[in-house]
$ cat my_file_20.cif   # mmCIF, C-alpha atoms
data_work
#
loop_
_atom_site.label_atom_id
_atom_site.label_comp_id
_atom_site.auth_asym_id
_atom_site.auth_seq_id
_atom_site.Cartn_x
_atom_site.Cartn_y
_atom_site.Cartn_z
CA LEU E 1 34.24 -19.90 -24.00
CA ASP E 2 36.52 -19.72 -20.97
CA ILE E 3 39.52 -18.82 -23.13
CA ARG E 4 37.63 -16.22 -25.12
CA GLU E 5 36.16 -14.58 -22.05
CA ARG E 6 39.63 -14.22 -20.54
CA LEU E 7 41.05 -12.82 -23.77
CA THR E 8 38.34 -10.20 -24.16
CA ALA E 9 38.58 -9.28 -20.50
CA ALA E 10 42.31 -8.67 -20.91
CA ASP E 11 41.85 -6.61 -24.10
CA PRO E 12 38.27 -5.37 -24.52
CA ALA E 13 39.30 -3.22 -27.49
CA ASN E 14 40.23 -6.25 -29.59
CA THR E 15 37.21 -6.47 -31.85
CA GLU E 16 38.23 -9.78 -33.42
CA TRP E 17 38.25 -11.43 -30.01
CA GLN E 18 34.92 -9.84 -29.23
CA ARG E 19 33.54 -11.39 -32.41
CA ASP E 20 35.03 -14.78 -31.46
CA LEU E 21 33.23 -14.53 -28.13
CA SER E 22 29.93 -13.79 -29.88
CA VAL E 23 30.42 -16.84 -32.11
CA ILE E 24 30.95 -19.27 -29.22
CA GLN E 25 27.95 -17.82 -27.39
CA LEU E 26 25.89 -18.53 -30.50
CA LYS E 27 27.18 -22.11 -30.69
CA LEU E 28 26.32 -22.69 -27.04
CA GLY E 29 22.87 -21.32 -27.74
CA ASP E 30 22.46 -23.81 -30.58
CA LEU E 31 23.52 -26.60 -28.26
CA HIS E 32 20.98 -25.61 -25.61
CA MET E 33 18.30 -25.46 -28.30
CA ALA E 34 19.20 -28.98 -29.39
CA PHE E 35 18.65 -30.09 -25.78
CA GLY E 36 15.34 -28.22 -25.64
CA ASP E 37 16.63 -25.77 -23.04
CA GLY E 38 15.09 -22.58 -24.39
CA LYS E 39 15.90 -20.46 -21.35
CA ALA E 40 19.62 -21.21 -21.53
CA ALA E 41 19.62 -20.78 -25.30
CA LEU E 42 17.92 -17.40 -24.99
CA GLU E 43 20.60 -16.22 -22.56
CA ARG E 44 23.39 -17.24 -24.92
CA TYR E 45 21.75 -15.76 -28.00
CA ARG E 46 21.12 -12.46 -26.22
CA THR E 47 24.73 -12.32 -25.05
CA SER E 48 25.90 -12.88 -28.62
CA LEU E 49 23.46 -10.23 -29.87
CA ASP E 50 24.70 -7.69 -27.31
CA ILE E 51 28.29 -8.11 -28.46
CA ARG E 52 27.33 -7.80 -32.12
CA GLU E 53 25.24 -4.71 -31.51
CA ARG E 54 28.21 -3.05 -29.83
CA LEU E 55 30.53 -4.02 -32.68
CA THR E 56 28.23 -2.73 -35.42
CA ALA E 57 27.51 0.45 -33.47
CA ALA E 58 31.26 1.10 -33.24
CA ASP E 59 31.84 0.37 -36.94
CA PRO E 60 28.62 0.50 -39.01
CA ALA E 61 30.58 0.14 -42.24
CA ASN E 62 31.83 -3.33 -41.30
CA THR E 63 29.58 -5.58 -43.38
CA GLU E 64 30.81 -8.79 -41.72
CA TRP E 65 29.63 -7.58 -38.33
CA ARG E 66 26.32 -6.41 -39.75
CA ARG E 67 25.75 -9.83 -41.25
CA ASP E 68 26.67 -11.41 -37.89
CA LEU E 69 24.05 -9.22 -36.26
CA SER E 70 21.42 -10.41 -38.73
CA VAL E 71 22.29 -14.02 -37.85
CA SER E 72 21.79 -13.29 -34.14
CA HIS E 73 18.37 -11.81 -34.89
CA ASP E 74 17.60 -14.93 -36.91
CA LYS E 75 18.56 -17.23 -34.07
CA LEU E 76 16.41 -15.36 -31.60
CA GLY E 77 13.54 -15.37 -34.06
CA ASP E 78 13.85 -19.11 -34.51
CA LEU E 79 13.85 -19.58 -30.74
CA HIS E 80 10.73 -17.49 -30.30
CA MET E 81 9.04 -19.40 -33.11
CA ALA E 82 9.95 -22.72 -31.50
CA PHE E 83 8.36 -21.64 -28.24
CA GLY E 84 5.25 -20.11 -29.78
CA ASP E 85 6.01 -16.41 -29.41
CA GLY E 86 5.15 -15.23 -32.90
CA LYS E 87 5.16 -11.54 -32.02
CA ALA E 88 8.74 -11.65 -30.71
CA ALA E 89 9.82 -13.79 -33.67
CA LEU E 90 8.36 -11.26 -36.11
CA GLU E 91 10.32 -8.45 -34.45
CA ARG E 92 13.59 -10.36 -34.78
CA TYR E 93 12.98 -11.52 -38.34
CA ARG E 94 12.12 -7.99 -39.44
CA ALA E 95 15.34 -6.71 -37.87
CA SER E 96 17.27 -9.36 -39.78
CA LEU E 97 15.40 -8.55 -43.01
CA ASP E 98 16.24 -4.86 -42.69
CA ILE E 99 19.96 -5.59 -42.36
CA ARG E 100 19.99 -8.05 -45.24
CA GLU E 101 18.06 -5.79 -47.57
CA ARG E 102 20.56 -3.00 -46.94
CA LEU E 103 23.53 -5.32 -47.44
CA THR E 104 22.24 -6.70 -50.75
CA ALA E 105 21.29 -3.22 -51.96
CA ALA E 106 24.86 -2.09 -51.30
CA ASP E 107 26.40 -5.10 -53.03
CA PRO E 108 23.93 -6.95 -55.31
CA ALA E 109 26.72 -9.17 -56.67
CA ASN E 110 27.32 -10.80 -53.27
CA THR E 111 25.55 -14.13 -53.71
CA GLU E 112 25.95 -15.14 -50.06
CA TRP E 113 24.01 -12.07 -48.97
CA GLN E 114 21.42 -12.69 -51.66
CA ARG E 115 20.91 -16.19 -50.26
CA ASP E 116 20.67 -14.78 -46.73
CA LEU E 117 17.90 -12.50 -47.93
CA SER E 118 16.11 -15.42 -49.57
CA VAL E 119 16.25 -17.41 -46.32
CA ILE E 120 14.81 -14.64 -44.14
CA GLN E 121 12.01 -14.12 -46.65
CA LEU E 122 11.13 -17.81 -46.19
CA LYS E 123 11.17 -17.50 -42.41
CA LEU E 124 8.85 -14.50 -42.56
CA GLY E 125 6.60 -16.40 -44.93
CA ASP E 126 6.37 -19.29 -42.48
CA LEU E 127 5.58 -16.87 -39.68
CA HIS E 128 2.79 -15.23 -41.65
CA MET E 129 1.36 -18.68 -42.36
CA THR E 130 1.21 -19.43 -38.63
CA PHE E 131 -0.70 -16.15 -38.20
CA GLY E 132 -3.11 -17.19 -40.94
CA GLU E 133 -1.89 -14.35 -43.14
CA GLY E 134 -1.81 -16.19 -46.43
CA LYS E 135 -1.46 -13.13 -48.64
CA ALA E 136 1.56 -11.83 -46.71
CA ALA E 137 3.09 -15.30 -46.69
CA LEU E 138 2.78 -15.61 -50.46
CA GLU E 139 4.48 -12.25 -50.90
CA ARG E 140 7.46 -13.43 -48.85
CA TYR E 141 7.65 -16.84 -50.51
CA ARG E 142 7.57 -15.25 -53.96
CA ALA E 143 10.34 -12.84 -52.99
CA SER E 144 12.42 -15.82 -51.85
CA LEU E 145 11.66 -17.66 -55.08
CA ASP E 146 12.74 -14.70 -57.21
CA ILE E 147 16.12 -14.66 -55.52
CA ALA E 148 16.55 -18.44 -55.77
CA GLU E 149 15.72 -18.32 -59.47
CA ARG E 150 18.28 -15.61 -60.13
CA LEU E 151 20.98 -17.45 -58.20
CA THR E 152 20.38 -20.78 -59.91
CA ALA E 153 20.23 -19.14 -63.33
CA ALA E 154 23.62 -17.52 -62.67
CA ASP E 155 25.21 -20.75 -61.38
CA PRO E 156 23.24 -23.92 -62.22
CA ALA E 157 26.06 -26.07 -60.83
CA ASN E 158 25.49 -24.82 -57.29
CA THR E 159 23.55 -27.63 -55.64
CA GLN E 160 22.69 -25.62 -52.53
CA TRP E 161 20.96 -22.99 -54.62
CA GLN E 162 19.07 -25.67 -56.52
CA ARG E 163 17.86 -27.02 -53.18
CA ASP E 164 16.85 -23.53 -52.08
CA LEU E 165 14.83 -23.22 -55.27
CA ILE E 166 13.05 -26.50 -54.51
CA VAL E 167 12.19 -25.32 -50.99
CA SER E 168 10.74 -22.03 -52.27
CA LEU E 169 8.63 -23.86 -54.85
CA VAL E 170 7.32 -26.27 -52.22
CA LYS E 171 6.50 -23.45 -49.80
CA LEU E 172 4.44 -21.71 -52.48
CA ALA E 173 2.70 -24.95 -53.42
CA GLU E 174 1.83 -25.65 -49.79
CA ALA E 175 0.45 -22.12 -49.50
CA GLY E 176 -1.88 -22.85 -52.42
CA ASP E 177 -0.04 -20.87 -55.09
CA GLY E 178 -0.25 -23.08 -58.19
CA PRO E 179 0.51 -26.34 -56.35
CA LEU E 180 0.35 -28.50 -59.47
CA GLU E 181 2.85 -26.37 -61.34
CA ARG E 182 5.10 -25.79 -58.33
CA TYR E 183 5.30 -29.43 -57.25
CA ALA E 184 5.91 -30.56 -60.82
CA ARG E 185 8.77 -28.13 -61.27
CA ALA E 186 10.30 -29.02 -57.92
CA LEU E 187 10.14 -32.72 -58.79
CA ILE E 188 11.89 -32.12 -62.11
CA ILE E 189 14.75 -30.36 -60.33
CA VAL E 190 15.05 -33.07 -57.67
CA GLU E 191 15.07 -35.87 -60.22
CA ARG E 192 17.70 -34.06 -62.28
CA LEU E 193 19.91 -33.66 -59.21
CA LYS E 194 19.47 -37.35 -58.47
CA GLU E 195 20.42 -38.34 -62.02
CA GLU E 196 23.50 -36.12 -61.82
CA ASP E 197 24.40 -37.65 -58.45
CA ARG E 198 24.09 -34.25 -56.80
CA LEU E 199 21.23 -35.08 -54.46
CA GLN E 200 22.45 -35.32 -50.89
CA PRO E 201 21.56 -38.58 -49.08
CA ALA E 202 19.70 -36.52 -46.47
CA ASP E 203 17.49 -35.14 -49.26
CA ALA E 204 16.63 -38.48 -50.85
CA TRP E 205 13.18 -38.30 -49.25
CA MET E 206 12.29 -35.41 -51.53
CA VAL E 207 11.68 -37.62 -54.55
CA ASP E 208 8.94 -39.75 -53.00
CA ILE E 209 7.37 -36.87 -51.08
CA LEU E 210 7.17 -34.64 -54.14
CA LYS E 211 5.68 -37.45 -56.21
CA GLN E 212 3.05 -37.93 -53.52
CA ARG E 213 2.31 -34.20 -53.30
CA LEU E 214 2.07 -33.93 -57.07
CA SER E 215 -0.29 -36.86 -57.22
CA GLU E 216 -2.47 -35.27 -54.56
CA ALA E 217 -2.49 -31.97 -56.43
CA GLN E 218 -3.47 -33.71 -59.66
CA GLY E 219 -6.29 -35.48 -57.82
CA LYS E 220 -7.72 -32.17 -56.74
#
$ encode --input "my_file_20.cif" --output "structure tokens"
Amino acid sequence: LDIRERLTAADPANTEWQRDLSVIQLKLGDLHMAFGDGKAALERYRTSLDIRERLTAADPANTEWRRDLSVSHDKLGDLHMAFGDGKAALERYRASLDIRERLTAADPANTEWQRDLSVIQLKLGDLHMTFGEGKAALERYRASLDIAERLTAADPANTQWQRDLIVSLVKLAEAGDGPLERYARALIIVERLKEEDRLQPADAWMVDILKQRLSEAQGK
């Protein structure tokens, strides 16, 4: 941070250095969040957002900077969610959604941006669930699922996208949208990944949890 602040102070017109400064501010924000220091994290995230807003305002056609801006909105939304401010979180998530919808509309073949859009749809779905807005949550979860299905169909070997698909299925099941079918499908994918040795150790818990959820759904 010290180096990057001195560089940008010496040459404020260097946009790459400005972006570097926004990145380290975001990392420091993540660190403060990990320590549970929301106030310090908020300061860092806002500083990062300010830089990114200036960059995108100066060059709206730069898609990298627009994506960066969506990430800053995401981070602030996550912070507000963590500290129970759903209204502020919704504002940030919607700002991120707007950017990501425009990016994917401009370049539908960009799979990274498609995944970004899928992720923000999930976050909005979770937020609606906390508000007790089940119908709105289902709409967001289904939108996320549609994207995950398209991505996995285009590249079945991509393990991350398979995991994203599992998450979307589970979210829908938890929201009451065909839980038996959703859990069963998610379990099939997880077990296939395990057989193919593509299931990350950190995700090993999924097998037992999904079996339990499926059993509970069958019992109902």
$ closest_residue --input "my_file_20.cif" --among "E:Val207, E:Ala173, E:Ala10, E:Leu69" --to "Arg54 (chain E)" --atoms "all atoms listed in the file"
E:Leu69
$ residues_around --input "my_file_20.cif" --residues "region 23-28 of chain E" --least-positions-apart "3" --cutoff "12 Å" --atoms "all atoms listed in the file" --output "PyMOL selection string"
chain E and resi 1-5+16-20+31-35+37-38+40-52+65+68-69+71-76
$ residues_around --input "my_file_20.cif" --residues "region 193-195 of chain E" --least-positions-apart "3" --cutoff "12 Å" --atoms "only C-alpha atoms" --output "list in words"
Pro156, Ala157, Asn158, Thr159, Gln160, Trp161, Gln162, Arg163, Ile166, Ala186, Leu187, Ile188, Ile189, Val190, Arg198, Leu199, Gln200, Pro201, Asp203, Ala204, Trp205, Met206 and Val207 of chain E
$ atom_distance --input "my_file_20.cif" --atom1 "CA of Ala95 (chain E)" --atom2 "CA of Leu151 (chain E)"
23.7 Å
$ atom_distance --input "my_file_20.cif" --atom1 "CA of Glu53 (chain E)" --atom2 "CA of Pro108 (chain E)"
23.9 Å
$ closest_residue --input "my_file_20.cif" --among "E:Leu169, E:Leu124, E:Ala184, E:Leu21" --to "Leu7 (chain E)" --atoms "only C-alpha atoms"
E:Leu21
$ closest_residue --input "my_file_20.cif" --among "E:Arg115, E:Ala105, E:Ala175, E:Ala154" --to "Tyr141 (chain E)" --atoms "all atoms listed in the file"
E:Ala175
$ atom_distance --input "my_file_20.cif" --atom1 "CA of Leu145 (chain E)" --atom2 "CA of Tyr183 (chain E)"
13.6 Å
$ resolve_selection --input "my_file_20.cif" --expression "the PyMOL selection byres ((chain E and resi 114) around 9)" --output "PyMOL selection string"
chain E and resi 100-101+103-104+108-113+115-119+147-148+151
$ closest_residue --input "my_file_20.cif" --among "E:Leu180, E:Ser96, E:Asp146, E:Lys123" --to "Gln218 (chain E)" --atoms "only C-alpha atoms"
E:Leu180
$ resolve_selection --input "my_file_20.cif" --expression "the PyMOL selection byres ((chain E and resi 126) around 10)" --output "PyMOL selection string"
chain E and resi 81+120-125+127-134+136-138+140-141+171+175
$ closest_residue --input "my_file_20.cif" --among "E:Arg94, E:Lys39, E:Arg6, E:Arg66" --to "Leu79 (chain E)" --atoms "all atoms listed in the file"
E:Lys39
$ closest_residue --input "my_file_20.cif" --among "E:Asp85, E:Glu91, E:Asp78, E:Asp164" --to "Asp30 (chain E)" --atoms "all atoms listed in the file"
E:Asp78
$ residues_around --input "my_file_20.cif" --residues "His80 (chain E)" --least-positions-apart "6" --cutoff "8 Å" --atoms "all atoms listed in the file" --output "MDAnalysis selection string"
chainID E and resid 86 88:89
